[in-house]
Amino acid sequence: MKNTGIIVEGLGKRFSKFSAKRPKTIMDAALTGMRRLKPEMRFWALRDVTFTVPPGKMLGVIGRNGAGKSTLLLLVGGIGKPDEGNIIVHPRIGGLLDLGAGFHRDLTGRENVFVGGVVAGLTRQEVARRFDDIVDFAELGQFIDSPMRTYSTGMQMRLGFSVAVHTDPKVLLIDEFISVGDVSFQAKCLQRMAEIKSSGCAIMLVSQNPRQIEELCDDAIWLKEGKILMYGEPKMVAAQYAADMGVDTEQLSLTQTPQTVKVFSPVESSENRVGTGEVEITNVRLLPVAEIRSGDPLDVEIEYLCSEPIPSPIFTVNISRDDGKICFDANTEKMQVTIPQIQGRGKVKLRINRLDLGGGDYFVNVGVYKEKWSYPYDFHWQVYPLSVNAEIDYRTILWPPCHWEIGSDR
């Protein structure tokens with residue numbers, strides 16, 4: 001049990017949905033019938049969720065509104081009981097489910113600091129010794145003896161964060177903490193988070209910000225409709241979530257429950273690869289070569305294998321820099337290329353007639369997705385290097401044909 005951190009195994013949580021016409025009083029129930037008191041349906045807010053957060057590591061949880069992030073955070077925090085699976089947290093959680101959520105609006109900031117510190121496991125004497133540091137960090141010195149109801153939301157969140165990070169937590173649950181305060185305060189938060197993590201604290205961060213997940217976390221999970229759609233390296237998870245967020249709203253009504261995305265065994269040591277495996281990308285070739293001049297054509301040839309019939313897959317090709325910035329993006333759906341069904345071995349090829357990229361090193365990323373972008377069958381991120389040579393190696397994404405004309409008005 002020692003140094004456990006957070007362990008979640010097969011977690012499931014189910015809720016009931018009631019009719020909008022549900023009786024509000026006993027008299028209404030008697031007049032309309034007891035049947036309307038029963039739920040119309042039960043649904044899983046979380047299902048088959050499994051992950052670990054060892055001491056000294058930070059796990060990012062990303063997903064859209066309604067994906068189950070808040071439910072997961074509450075359950076790990078001990079609020080509510082799961083219907084399936086197990087949650088092990090050791091030592092006990094030091095904070096914080098929602099910044100400022102435990103404050104009482106009629107107490108002063110000073111009084112709330114003591115209450116919050118004691119709830120987090122400190123003695124009153126320990127809180128008193130750290131009080132000045134907490135207030136200084138939150139930058140609320142002149143307001144600390146004012147009632148909490150006079151604080152703005154940002155002030156409450158800053159104080160909540162400060163209390164949490166000054167209680168020597170060994171397990172920390174955070175909900176969107178980087179939105180606290182101005183840029184200088186956010187930088188101070190980041191530095192403090194790094195110190196806490198290096199001291200051996202297991203941290204779970206819930207966010208909708210892909211960049212935040214990529215920069216701060218050691219591992220990441222992407223929740224979608226209560227299931228883990230992807231679990232692994234934050235850069236890959238953030239990139240896939242960001243791509244999903246770019247999908248048009250009409251594509252978001254899923255007719256099937258997404259399958260859990262697994263990480264494949266690497267074909268080569270440099271490979272970053274995720275997908276359900278129903279379709280496998282077996283080979284990718286950059287033609288004529290993987291080193292071109294800016295403005296040259298480039299073919300991206302993708303060979304695939306699928307044992308079962310797959311209707312209407314979407315193939316995608318994009319080109320990124322090593323920092324993850326997407327410089328070019330194309331897919332069969334946006335280009336209105338219909339692929340009715342695939343099975344067995346096959347090949348698709350994207351012809352880029354001229355690639356006017358600035359000089360530098362890039363990666364070609366390829367993938368094949370289930371129809372409506374429900375989830376990736378197979379996606380390769382920053383596996384295939386591409387070198388582009390330009391006459392002048394400026395730090396620019398585009399280098400189209402251009403020239404200067406020098407003249408005068410004479």
# chains A, B, ... in the order shown; residues from 1 in each chain; ligands from 1
$ residues_around --residues "A:Arg64" --least-positions-apart "5" --cutoff "10 Å" --atoms "only C-alpha atoms" --output "list in words"
Lys69, Ser207, Gln208, Trp222, Leu223, Lys224, Glu225, Tyr241, Asp244 and Met245 of chain A
$ residues_around --residues "A:Arg14" --least-positions-apart "5" --cutoff "9 Å" --atoms "only C-alpha atoms" --output "PDB file with N, CA and C atoms, in the first residue's frame"
ATOM      1  N   ARG A  42     -31.565   4.196 -17.413  1.00  0.00           N
ATOM      2  CA  ARG A  42     -30.305   4.286 -16.683  1.00  0.00           C
ATOM      3  C   ARG A  42     -29.179   4.271 -17.705  1.00  0.00           C
ATOM      4  N   PHE A  43     -28.171   5.105 -17.465  1.00  0.00           N
ATOM      5  CA  PHE A  43     -27.078   5.202 -18.414  1.00  0.00           C
ATOM      6  C   PHE A  43     -25.753   5.202 -17.668  1.00  0.00           C
ATOM      7  N   TRP A  44     -24.718   4.776 -18.378  1.00  0.00           N
ATOM      8  CA  TRP A  44     -23.373   4.719 -17.804  1.00  0.00           C
ATOM      9  C   TRP A  44     -22.646   6.028 -18.077  1.00  0.00           C
ATOM     10  N   ALA A  45     -22.330   6.748 -17.020  1.00  0.00           N
ATOM     11  CA  ALA A  45     -21.526   7.968 -17.155  1.00  0.00           C
ATOM     12  C   ALA A  45     -20.053   7.613 -17.316  1.00  0.00           C
ATOM     13  N   LEU A  46     -19.638   6.489 -16.735  1.00  0.00           N
ATOM     14  CA  LEU A  46     -18.285   5.957 -16.882  1.00  0.00           C
ATOM     15  C   LEU A  46     -18.385   4.445 -17.020  1.00  0.00           C
ATOM     16  N   ARG A  47     -17.506   3.853 -17.819  1.00  0.00           N
ATOM     17  CA  ARG A  47     -17.519   2.400 -17.973  1.00  0.00           C
ATOM     18  C   ARG A  47     -16.136   1.907 -18.350  1.00  0.00           C
ATOM     19  N   PRO A  82     -18.658   3.963  -6.823  1.00  0.00           N
ATOM     20  CA  PRO A  82     -18.798   3.391  -8.172  1.00  0.00           C
ATOM     21  C   PRO A  82     -19.753   2.210  -8.169  1.00  0.00           C
ATOM     22  N   ASP A  83     -20.361   1.950  -9.311  1.00  0.00           N
ATOM     23  CA  ASP A  83     -21.200   0.764  -9.478  1.00  0.00           C
ATOM     24  C   ASP A  83     -20.382  -0.434  -9.900  1.00  0.00           C
ATOM     25  N   GLU A  84     -19.228  -0.195 -10.473  1.00  0.00           N
ATOM     26  CA  GLU A  84     -18.324  -1.266 -10.872  1.00  0.00           C
ATOM     27  C   GLU A  84     -16.884  -0.835 -10.591  1.00  0.00           C
TER      28      GLU A  84
END
$ select_by_dssp --residues "stretch 156-389 of chain A" --states "helix (DSSP H, G or I)" --output "number ranges by chain"
A: 156-165, 177-179, 183-198, 210-216, 234-245, 249-251, 371-373
